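protein05.pdb follows (PDB, C-alpha atoms, pLDDT in the B column):
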ATOM      1  CA  MET A   1      13.724  -7.065 -19.099  1.00 82.00           C
ATOM      2  CA  ASP A   2      14.607 -10.476 -17.668  1.00 93.00           C
ATOM      3  CA  VAL A   3      14.773 -11.352 -13.962  1.00 94.00           C
ATOM      4  CA  ASP A   4      18.569 -11.393 -13.824  1.00 95.00           C
ATOM      5  CA  GLN A   5      18.794  -7.865 -15.257  1.00 97.00           C
ATOM      6  CA  LEU A   6      16.110  -6.595 -12.853  1.00 96.00           C
ATOM      7  CA  LEU A   7      17.919  -8.127  -9.879  1.00 97.00           C
ATOM      8  CA  SER A   8      21.194  -6.583 -11.096  1.00 97.00           C
ATOM      9  CA  ASN A   9      19.537  -3.161 -11.379  1.00 97.00           C
ATOM     10  CA  LEU A  10      18.017  -3.562  -7.925  1.00 97.00           C
ATOM     11  CA  ARG A  11      21.410  -4.476  -6.449  1.00 97.00           C
ATOM     12  CA  ASN A  12      23.680  -2.076  -8.367  1.00 97.00           C
ATOM     13  CA  GLY A  13      21.593   0.469 -10.280  1.00 97.00           C
ATOM     14  CA  ASP A  14      21.242   4.133  -9.505  1.00 97.00           C
ATOM     15  CA  SER A  15      18.198   5.151  -7.481  1.00 97.00           C
ATOM     16  CA  GLY A  16      15.851   5.355 -10.475  1.00 97.00           C
ATOM     17  CA  LYS A  17      16.925   2.015 -11.928  1.00 97.00           C
ATOM     18  CA  ALA A  18      16.780   0.323  -8.534  1.00 97.00           C
ATOM     19  CA  PHE A  19      13.235   1.492  -7.798  1.00 96.00           C
ATOM     20  CA  ASP A  20      12.053   0.718 -11.321  1.00 97.00           C
ATOM     21  CA  ALA A  21      13.496  -2.793 -10.916  1.00 97.00           C
ATOM     22  CA  GLY A  22      11.808  -3.207  -7.541  1.00 95.00           C
ATOM     23  CA  LYS A  23       8.449  -2.205  -9.020  1.00 94.00           C
ATOM     24  CA  ALA A  24       8.925  -4.520 -12.011  1.00 94.00           C
ATOM     25  CA  LEU A  25       9.825  -7.415  -9.718  1.00 92.00           C
ATOM     26  CA  LEU A  26       6.600  -6.784  -7.785  1.00 87.00           C
ATOM     27  CA  ARG A  27       4.625  -7.489 -10.961  1.00 86.00           C
ATOM     28  CA  MET A  28       6.302 -10.885 -11.431  1.00 85.00           C
ATOM     29  CA  SER A  29       4.551 -14.013 -10.331  1.00 79.00           C
ATOM     30  CA  PRO A  30       6.184 -15.246  -8.286  1.00 79.00           C
ATOM     31  CA  MET A  31       8.616 -12.530  -7.298  1.00 83.00           C
ATOM     32  CA  PRO A  32      12.096 -13.943  -6.576  1.00 90.00           C
ATOM     33  CA  ILE A  33      11.701 -13.150  -2.864  1.00 89.00           C
ATOM     34  CA  GLU A  34      14.864 -14.872  -1.649  1.00 92.00           C
ATOM     35  CA  GLU A  35      17.024 -12.945  -4.122  1.00 95.00           C
ATOM     36  CA  VAL A  36      15.369  -9.630  -3.244  1.00 95.00           C
ATOM     37  CA  ILE A  37      15.892 -10.294   0.473  1.00 95.00           C
ATOM     38  CA  GLU A  38      19.554 -11.076  -0.229  1.00 97.00           C
ATOM     39  CA  ILE A  39      19.840  -7.672  -1.928  1.00 98.00           C
ATOM     40  CA  LEU A  40      18.151  -6.035   1.068  1.00 97.00           C
ATOM     41  CA  ARG A  41      20.803  -7.621   3.301  1.00 97.00           C
ATOM     42  CA  GLU A  42      23.873  -7.119   1.129  1.00 97.00           C
ATOM     43  CA  ALA A  43      23.607  -4.298  -1.413  1.00 97.00           C
ATOM     44  CA  GLU A  44      26.233  -1.626  -0.913  1.00 97.00           C
ATOM     45  CA  GLY A  45      24.078   1.357  -1.851  1.00 97.00           C
ATOM     46  CA  VAL A  46      21.543   2.629   0.652  1.00 98.00           C
ATOM     47  CA  HIS A  47      19.113   3.420  -2.198  1.00 98.00           C
ATOM     48  CA  ASN A  48      19.458  -0.176  -3.423  1.00 98.00           C
ATOM     49  CA  ARG A  49      18.587  -1.538   0.039  1.00 98.00           C
ATOM     50  CA  VAL A  50      15.669   0.896   0.304  1.00 97.00           C
ATOM     51  CA  ALA A  51      14.387  -0.233  -3.111  1.00 97.00           C
ATOM     52  CA  ALA A  52      14.716  -3.883  -2.055  1.00 97.00           C
ATOM     53  CA  ALA A  53      12.881  -3.152   1.204  1.00 97.00           C
ATOM     54  CA  TYR A  54      10.178  -1.417  -0.841  1.00 96.00           C
ATOM     55  CA  ALA A  55       9.764  -4.502  -3.045  1.00 94.00           C
ATOM     56  CA  VAL A  56       9.631  -6.788  -0.011  1.00 93.00           C
ATOM     57  CA  SER A  57       7.155  -4.426   1.674  1.00 91.00           C
ATOM     58  CA  TRP A  58       4.617  -4.319  -1.122  1.00 87.00           C
ATOM     59  CA  MET A  59       4.620  -7.885  -2.438  1.00 79.00           C
ATOM     60  CA  CYS A  60       1.238  -8.984  -1.259  1.00 62.00           C
ATOM     61  CA  GLY A  61      -1.955 -10.562  -2.445  1.00 53.00           C
ATOM     62  CA  LYS A  62      -0.707 -13.049  -5.003  1.00 54.00           C
ATOM     63  CA  TYR A  63       1.896 -14.741  -2.814  1.00 60.00           C
ATOM     64  CA  PRO A  64       1.546 -17.555  -0.283  1.00 61.00           C
ATOM     65  CA  LYS A  65       1.490 -16.683   3.421  1.00 63.00           C
ATOM     66  CA  SER A  66       4.980 -18.167   3.761  1.00 62.00           C
ATOM     67  CA  HIS A  67       6.283 -15.329   1.559  1.00 68.00           C
ATOM     68  CA  SER A  68       4.665 -12.784   3.859  1.00 79.00           C
ATOM     69  CA  THR A  69       6.306 -14.383   6.890  1.00 86.00           C
ATOM     70  CA  LEU A  70       9.643 -14.393   5.081  1.00 89.00           C
ATOM     71  CA  ALA A  71       9.122 -10.753   4.105  1.00 91.00           C
ATOM     72  CA  ALA A  72       8.201  -9.649   7.633  1.00 93.00           C
ATOM     73  CA  ALA A  73      11.241 -11.460   9.058  1.00 95.00           C
ATOM     74  CA  ALA A  74      13.534  -9.786   6.493  1.00 96.00           C
ATOM     75  CA  LEU A  75      12.093  -6.344   7.235  1.00 96.00           C
ATOM     76  CA  LEU A  76      12.511  -6.975  10.960  1.00 97.00           C
ATOM     77  CA  GLU A  77      16.120  -8.012  10.413  1.00 97.00           C
ATOM     78  CA  ALA A  78      16.779  -4.798   8.460  1.00 98.00           C
ATOM     79  CA  PHE A  79      15.087  -2.668  11.102  1.00 98.00           C
ATOM     80  CA  ASN A  80      16.996  -4.313  13.959  1.00 97.00           C
ATOM     81  CA  ASN A  81      20.375  -3.971  12.222  1.00 97.00           C
ATOM     82  CA  PRO A  82      22.183  -1.355  14.337  1.00 96.00           C
ATOM     83  CA  THR A  83      24.323  -0.206  11.402  1.00 96.00           C
ATOM     84  CA  GLU A  84      21.465   0.093   8.892  1.00 97.00           C
ATOM     85  CA  ASP A  85      20.601   3.484   7.428  1.00 97.00           C
ATOM     86  CA  VAL A  86      17.532   5.328   8.713  1.00 97.00           C
ATOM     87  CA  ALA A  87      15.921   5.282   5.233  1.00 97.00           C
ATOM     88  CA  VAL A  88      16.032   1.469   5.112  1.00 98.00           C
ATOM     89  CA  LYS A  89      14.679   1.194   8.663  1.00 98.00           C
ATOM     90  CA  ALA A  90      11.862   3.607   7.783  1.00 97.00           C
ATOM     91  CA  GLN A  91      10.924   1.533   4.723  1.00 97.00           C
ATOM     92  CA  ALA A  92      10.939  -1.585   6.911  1.00 97.00           C
ATOM     93  CA  LEU A  93       8.509   0.096   9.312  1.00 97.00           C
ATOM     94  CA  GLU A  94       6.236   1.073   6.447  1.00 95.00           C
ATOM     95  CA  GLY A  95       6.470  -2.515   5.209  1.00 94.00           C
ATOM     96  CA  PHE A  96       5.146  -3.915   8.481  1.00 94.00           C
ATOM     97  CA  ALA A  97       1.777  -2.447   7.498  1.00 90.00           C
ATOM     98  CA  SER A  98       1.433  -4.894   4.607  1.00 87.00           C
ATOM     99  CA  GLN A  99       3.732  -7.706   5.739  1.00 87.00           C
ATOM    100  CA  THR A 100       2.148  -8.272   9.113  1.00 84.00           C
ATOM    101  CA  PRO A 101       2.850 -11.590  10.799  1.00 84.00           C
ATOM    102  CA  ARG A 102       0.018 -13.541  12.355  1.00 84.00           C
ATOM    103  CA  ARG A 103      -0.886 -12.134  15.788  1.00 89.00           C
ATOM    104  CA  GLY A 104       0.352 -14.083  18.750  1.00 90.00           C
ATOM    105  CA  THR A 105       3.378 -15.548  16.973  1.00 93.00           C
ATOM    106  CA  LYS A 106       6.961 -14.914  18.038  1.00 96.00           C
ATOM    107  CA  LEU A 107       7.466 -12.873  14.858  1.00 95.00           C
ATOM    108  CA  TRP A 108       4.399 -10.746  15.687  1.00 94.00           C
ATOM    109  CA  ARG A 109       5.785  -9.994  19.149  1.00 97.00           C
ATOM    110  CA  GLU A 110       9.140  -9.044  17.634  1.00 97.00           C
ATOM    111  CA  VAL A 111       7.516  -6.726  15.091  1.00 96.00           C
ATOM    112  CA  GLU A 112       5.400  -5.193  17.857  1.00 97.00           C
ATOM    113  CA  ALA A 113       8.529  -4.590  19.957  1.00 97.00           C
ATOM    114  CA  ALA A 114      10.305  -3.004  16.975  1.00 98.00           C
ATOM    115  CA  ILE A 115       7.414  -0.627  16.308  1.00 98.00           C
ATOM    116  CA  LEU A 116       7.076   0.307  19.971  1.00 98.00           C
ATOM    117  CA  SER A 117      10.796   1.057  20.241  1.00 98.00           C
ATOM    118  CA  ALA A 118      10.697   3.052  16.989  1.00 98.00           C
ATOM    119  CA  LEU A 119       8.035   5.361  18.434  1.00 98.00           C
ATOM    120  CA  SER A 120      10.738   6.673  20.801  1.00 98.00           C
ATOM    121  CA  GLU A 121      13.580   6.936  18.283  1.00 97.00           C
ATOM    122  CA  GLU A 122      15.394  10.219  17.770  1.00 96.00           C
ATOM    123  CA  SER A 123      14.828  10.203  13.999  1.00 97.00           C
ATOM    124  CA  VAL A 124      11.703  12.047  12.847  1.00 97.00           C
ATOM    125  CA  GLU A 125      11.481   9.708   9.838  1.00 97.00           C
ATOM    126  CA  ILE A 126      11.539   6.630  12.080  1.00 97.00           C
ATOM    127  CA  ARG A 127       8.922   8.006  14.497  1.00 98.00           C
ATOM    128  CA  PHE A 128       6.670   8.997  11.588  1.00 98.00           C
ATOM    129  CA  TRP A 129       6.722   5.539   9.963  1.00 97.00           C
ATOM    130  CA  ALA A 130       6.412   3.842  13.362  1.00 98.00           C
ATOM    131  CA  CYS A 131       3.145   5.764  13.852  1.00 98.00           C
ATOM    132  CA  TYR A 132       1.992   4.620  10.423  1.00 98.00           C
ATOM    133  CA  ALA A 133       2.902   1.003  11.169  1.00 97.00           C
ATOM    134  CA  ALA A 134       1.260   1.035  14.609  1.00 98.00           C
ATOM    135  CA  GLY A 135      -1.973   2.463  13.222  1.00 97.00           C
ATOM    136  CA  SER A 136      -2.021   0.241  10.158  1.00 96.00           C
ATOM    137  CA  ILE A 137      -1.776  -2.971  12.169  1.00 95.00           C
ATOM    138  CA  LYS A 138      -4.018  -1.604  14.926  1.00 96.00           C
ATOM    139  CA  LEU A 139      -1.356  -1.959  17.606  1.00 97.00           C
ATOM    140  CA  ARG A 140      -3.269  -1.221  20.805  1.00 97.00           C
ATOM    141  CA  SER A 141      -0.118  -1.451  22.917  1.00 98.00           C
ATOM    142  CA  ALA A 142       1.144   1.647  21.087  1.00 98.00           C
ATOM    143  CA  LEU A 143      -1.783   3.843  22.138  1.00 98.00           C
ATOM    144  CA  PRO A 144      -0.087   5.496  25.170  1.00 98.00           C
ATOM    145  CA  LYS A 145       2.986   6.481  23.133  1.00 98.00           C
ATOM    146  CA  LEU A 146       0.844   7.528  20.152  1.00 98.00           C
ATOM    147  CA  LYS A 147      -1.166   9.788  22.464  1.00 98.00           C
ATOM    148  CA  GLU A 148       2.028  11.327  23.804  1.00 98.00           C
ATOM    149  CA  LEU A 149       3.367  11.909  20.283  1.00 98.00           C
ATOM    150  CA  SER A 150       0.045  13.379  19.132  1.00 98.00           C
ATOM    151  CA  GLU A 151       0.229  15.930  21.942  1.00 98.00           C
ATOM    152  CA  GLN A 152       3.937  16.762  21.881  1.00 97.00           C
ATOM    153  CA  ASP A 153       5.769  15.875  18.661  1.00 97.00           C
ATOM    154  CA  THR A 154       5.426  18.827  16.300  1.00 95.00           C
ATOM    155  CA  ARG A 155       8.430  17.890  14.156  1.00 95.00           C
ATOM    156  CA  VAL A 156       7.654  17.591  10.448  1.00 94.00           C
ATOM    157  CA  TYR A 157       8.796  14.652   8.373  1.00 94.00           C
ATOM    158  CA  ARG A 158      10.045  16.366   5.218  1.00 90.00           C
ATOM    159  CA  GLY A 159       7.636  15.941   2.306  1.00 91.00           C
ATOM    160  CA  TRP A 160       4.831  14.745   4.611  1.00 94.00           C
ATOM    161  CA  TRP A 161       3.409  16.313   7.792  1.00 95.00           C
ATOM    162  CA  ARG A 162       3.947  16.491  11.535  1.00 96.00           C
ATOM    163  CA  VAL A 163       4.637  13.356  13.551  1.00 97.00           C
ATOM    164  CA  SER A 164       1.831  14.515  15.875  1.00 97.00           C
ATOM    165  CA  GLU A 165      -0.622  14.396  12.960  1.00 97.00           C
ATOM    166  CA  GLU A 166       0.505  10.918  11.898  1.00 97.00           C
ATOM    167  CA  ALA A 167       0.134   9.811  15.529  1.00 98.00           C
ATOM    168  CA  GLU A 168      -3.412  11.272  15.608  1.00 98.00           C
ATOM    169  CA  ASP A 169      -4.287   9.307  12.469  1.00 98.00           C
ATOM    170  CA  ALA A 170      -2.725   6.149  13.905  1.00 98.00           C
ATOM    171  CA  ILE A 171      -4.858   6.433  17.040  1.00 98.00           C
ATOM    172  CA  GLU A 172      -7.968   6.646  14.876  1.00 98.00           C
ATOM    173  CA  TRP A 173      -6.892   3.612  12.814  1.00 97.00           C
ATOM    174  CA  VAL A 174      -6.239   1.553  15.959  1.00 97.00           C
ATOM    175  CA  HIS A 175      -9.843   2.288  16.952  1.00 97.00           C
ATOM    176  CA  GLY A 176     -11.068   1.317  13.482  1.00 95.00           C
ATOM    177  CA  ARG A 177     -12.006   4.832  12.436  1.00 95.00           C
ATOM    178  CA  LYS A 178     -11.199   6.441   9.102  1.00 95.00           C
ATOM    179  CA  THR A 179      -9.239   9.661   8.761  1.00 93.00           C
ATOM    180  CA  GLU A 180      -9.149  12.388   6.164  1.00 91.00           C
ATOM    181  CA  ASP A 181      -6.264  12.424   3.705  1.00 90.00           C
ATOM    182  CA  ARG A 182      -3.586  14.922   4.632  1.00 91.00           C
ATOM    183  CA  THR A 183      -1.778  17.290   2.312  1.00 88.00           C
ATOM    184  CA  PRO A 184       2.007  17.225   2.587  1.00 88.00           C
ATOM    185  CA  MET A 185       3.552  20.427   3.902  1.00 84.00           C
ATOM    186  CA  PRO A 186       5.483  22.476   1.369  1.00 78.00           C
ATOM    187  CA  ILE A 187       9.216  21.788   1.699  1.00 67.00           C
ATOM    188  CA  GLU A 188       9.970  25.456   2.370  1.00 60.00           C
ATOM    189  CA  ALA A 189       7.596  25.418   5.363  1.00 57.00           C
ATOM    190  CA  VAL A 190       9.550  22.634   7.064  1.00 56.00           C
ATOM    191  CA  ASP A 191      11.861  23.578   9.915  1.00 53.00           C
ATOM    192  CA  SER A 192      15.126  21.809   9.116  1.00 46.00           C
ATOM    193  CA  SER A 193      16.462  21.999  12.681  1.00 42.00           C
TER
END
Go through the file and emit its structure as structure tokens.
Amino acid sequence: MDVDQLLSNLRNGDSGKAFDAGKALLRMSPMPIEEVIEILREAEGVHNRVAAAYAVSWMCGKYPKSHSTLAAAALLEAFNNPTEDVAVKAQALEGFASQTPRRGTKLWREVEAAILSALSEESVEIRFWACYAAGSIKLRSALPKLKELSEQDTRVYRGWWRVSEEAEDAIEWVHGRKTEDRTPMPIEAVDSS
């Protein structure tokens, strides 16, 4: 499939086509980052924006550092958009783990602020991925809130595990320690309240 068709599927396709397109675009060298970011900003479907955020999140390794900075800025923009859907914001948080700006830069401080604010969000999905992001980038400033979440937040992120468990793992990662893989909780065991 050519680039134009993949970008069209990412922008307008159903969920399956959009994610398949995002994954295919990741394998391209170079990935058309500007076009994917435009889709992240403008696609009408939430699943299309999530798929674009996924592609932006996981393009790493074979791209120049400038692409990573561009990616982190785009994810930050999506996260900070007050009208953006929770699923897109959650994917942006997950993306900060691989699209981490250089420490000490203005962009780093903005990403840090976004993650710290997300740790206190009402959404279980946002808090869960904020824990993941904080642990992945070893965000020491998040330790007090991670400790609080590890002790108090027993809500389960559907298809995964408790926020408290993700916060426990994040604390370990900040300290440079490994954790055991967790098994997602069965959907029927999740309290939907």
(message) Suppose a student applies the PyMOL selection byres ((chain A and resi 174) around 7) to this structure; what residues should they get, written as a list in words?
(response)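 For this structure, the PyMOL selection byres ((chain A and resi 174) around 7) resolves to Gly135, Lys138, Leu139, Arg140, Ala170, Ile171, Glu172, Trp173, His175 and Gly176 of chain A.
Excluding region 141-147 of chain A itself and any same-chain residue fewer than 5 positions from it, the protein and nucleic acid residues within 9 Å of it, counting all atoms listed in the file, are Glu112, Ile115, Leu116, Leu119, Ser120, Cys131, Ala134, Gly135, Gln152, Ser164, Glu166, Ala167, Glu168, Ala170, Ile171 and Val174 of chain A.
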(request) Using CA of Ser8 (chain A) and CA of Ala97 (chain A) as the two end points, give the distance in Å to one decimal. (result)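 Spanning CA of Ser8 (chain A) to CA of Ala97 (chain A) is a straight-line distance of 27.2 Å.
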(request) For the structure provided, state which residues fall under the PyMOL selection byres ((chain A and resi 25) around 10), and present them as a list of chain:residue names. (result) A:Asp2, A:Val3, A:Leu6, A:Leu7, A:Leu10, A:Phe19, A:Asp20, A:Ala21, A:Gly22, A:Lys23, A:Ala24, A:Leu26, A:Arg27, A:Met28, A:Ser29, A:Pro30, A:Met31, A:Pro32, A:Ile33, A:Val36, A:Ala52, A:Ala55, A:Val56, A:Met59
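Between CA of Ala71 (chain A) and CA of Val124 (chain A) the separation is 24.6 Å.
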(request) Rounded to one decimal place, report the CA of Ala73 (chain A)-CA of Trp160 (chain A) distance in Å. (result) 27.3 Å
(request) Spell out the residues picked by the PyMOL selection byres ((chain A and resi 50) around 8) here, as a count of residues only. (result) 12
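Compared by their closest atoms to Glu44 (chain A), and using all atoms listed in the file, the residues A:Asn12, A:Ser57, A:Ser68, A:Ser150 rank with A:Asn12 nearest.
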(request) Within 10 Å of Leu76 (chain A), counting all atoms listed in the file, which residues show up once you throw out same-chain ones fewer than 5 positions away? Write them as a count of residues only, please. (result) 13
Build an axis-aligned box that encloses every atom of region 47-50 of chain A listed in the file, pad it by 8 Å on each side, and report its centre and edge lengths in Å to one decimal, as lines of an AutoDock Vina configuration file.
center_x = 17.6
center_y = 0.9
center_z = -1.6
size_x = 19.8
size_y = 21.0
size_z = 19.7
(message) Ranking A:Glu84, A:Asp4, A:Glu121, A:Asp181 by minimum distance to Glu42 (chain A) and counting all atoms listed in the file, which one comes first?
(response) A:Glu84
(message) Using all atoms listed in the file for the distances, tell me which of A:Pro101, A:Val86, A:Ile37, A:Gly45 is nearest to Ala74 (chain A).
(response)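 Going through A:Pro101, A:Val86, A:Ile37, A:Gly45 one by one, the smallest distance to Ala74 (chain A) is for A:Ile37.
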Taking the partial coordinates given, rebuild region 32-53 of chain A to contain N, CA, C and O atoms; return it as a short mmCIF file (atom, residue, chain, number, x, y, z; two decimals), in the coordinates of the input.
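The resulting file, out-v7.cif, is reproduced below:
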data_model
loop_
_atom_site.label_atom_id
_atom_site.label_comp_id
_atom_site.auth_asym_id
_atom_site.auth_seq_id
_atom_site.Cartn_x
_atom_site.Cartn_y
_atom_site.Cartn_z
N PRO A 32 10.98 -13.18 -7.14
CA PRO A 32 12.10 -13.94 -6.58
C PRO A 32 12.46 -13.42 -5.17
O PRO A 32 13.47 -12.74 -4.98
N ILE A 33 11.61 -13.74 -4.21
CA ILE A 33 11.70 -13.15 -2.86
C ILE A 33 13.06 -13.39 -2.20
O ILE A 33 13.61 -12.48 -1.59
N GLU A 34 13.59 -14.59 -2.31
CA GLU A 34 14.86 -14.87 -1.65
C GLU A 34 15.98 -13.98 -2.20
O GLU A 34 16.81 -13.46 -1.43
N GLU A 35 16.00 -13.79 -3.50
CA GLU A 35 17.02 -12.94 -4.12
C GLU A 35 16.86 -11.48 -3.72
O GLU A 35 17.84 -10.77 -3.49
N VAL A 36 15.62 -11.02 -3.64
CA VAL A 36 15.37 -9.63 -3.24
C VAL A 36 15.78 -9.42 -1.79
O VAL A 36 16.38 -8.41 -1.44
N ILE A 37 15.49 -10.40 -0.93
CA ILE A 37 15.89 -10.29 0.47
C ILE A 37 17.41 -10.29 0.59
O ILE A 37 17.99 -9.54 1.39
N GLU A 38 18.09 -11.08 -0.23
CA GLU A 38 19.55 -11.08 -0.23
C GLU A 38 20.08 -9.68 -0.58
O GLU A 38 21.03 -9.18 0.02
N ILE A 39 19.44 -9.03 -1.55
CA ILE A 39 19.84 -7.67 -1.93
C ILE A 39 19.58 -6.71 -0.77
O ILE A 39 20.40 -5.84 -0.48
N LEU A 40 18.46 -6.86 -0.11
CA LEU A 40 18.15 -6.04 1.07
C LEU A 40 19.26 -6.18 2.11
O LEU A 40 19.67 -5.20 2.74
N ARG A 41 19.76 -7.37 2.29
CA ARG A 41 20.80 -7.62 3.30
C ARG A 41 22.18 -7.14 2.86
O ARG A 41 22.98 -6.72 3.70
N GLU A 42 22.48 -7.23 1.55
CA GLU A 42 23.87 -7.12 1.13
C GLU A 42 24.23 -5.99 0.18
O GLU A 42 25.42 -5.72 -0.02
N ALA A 43 23.26 -5.35 -0.44
CA ALA A 43 23.61 -4.30 -1.41
C ALA A 43 24.42 -3.19 -0.74
O ALA A 43 24.16 -2.83 0.40
N GLU A 44 25.39 -2.68 -1.48
CA GLU A 44 26.23 -1.63 -0.91
C GLU A 44 25.52 -0.29 -0.82
O GLU A 44 25.67 0.43 0.15
N GLY A 45 24.73 0.06 -1.84
CA GLY A 45 24.08 1.36 -1.85
C GLY A 45 22.85 1.40 -0.96
O GLY A 45 22.03 0.47 -0.99
N VAL A 46 22.73 2.47 -0.19
CA VAL A 46 21.54 2.63 0.65
C VAL A 46 20.29 2.63 -0.21
O VAL A 46 19.30 1.96 0.11
N HIS A 47 20.31 3.35 -1.34
CA HIS A 47 19.11 3.42 -2.20
C HIS A 47 18.76 2.04 -2.74
O HIS A 47 17.58 1.75 -2.95
N ASN A 48 19.74 1.18 -2.95
CA ASN A 48 19.46 -0.18 -3.42
C ASN A 48 18.77 -0.99 -2.32
O ASN A 48 17.82 -1.74 -2.60
N ARG A 49 19.22 -0.83 -1.08
CA ARG A 49 18.59 -1.54 0.04
C ARG A 49 17.18 -0.99 0.30
O ARG A 49 16.27 -1.75 0.61
N VAL A 50 17.01 0.32 0.15
CA VAL A 50 15.67 0.90 0.30
C VAL A 50 14.74 0.35 -0.78
O VAL A 50 13.60 -0.04 -0.50
N ALA A 51 15.21 0.29 -2.01
CA ALA A 51 14.39 -0.23 -3.11
C ALA A 51 14.04 -1.70 -2.88
O ALA A 51 12.91 -2.14 -3.15
N ALA A 52 14.98 -2.47 -2.36
CA ALA A 52 14.72 -3.88 -2.06
C ALA A 52 13.70 -3.99 -0.92
O ALA A 52 12.78 -4.81 -0.97
N ALA A 53 13.85 -3.15 0.10
CA ALA A 53 12.88 -3.15 1.20
C ALA A 53 11.50 -2.76 0.70
O ALA A 53 10.48 -3.32 1.14
#
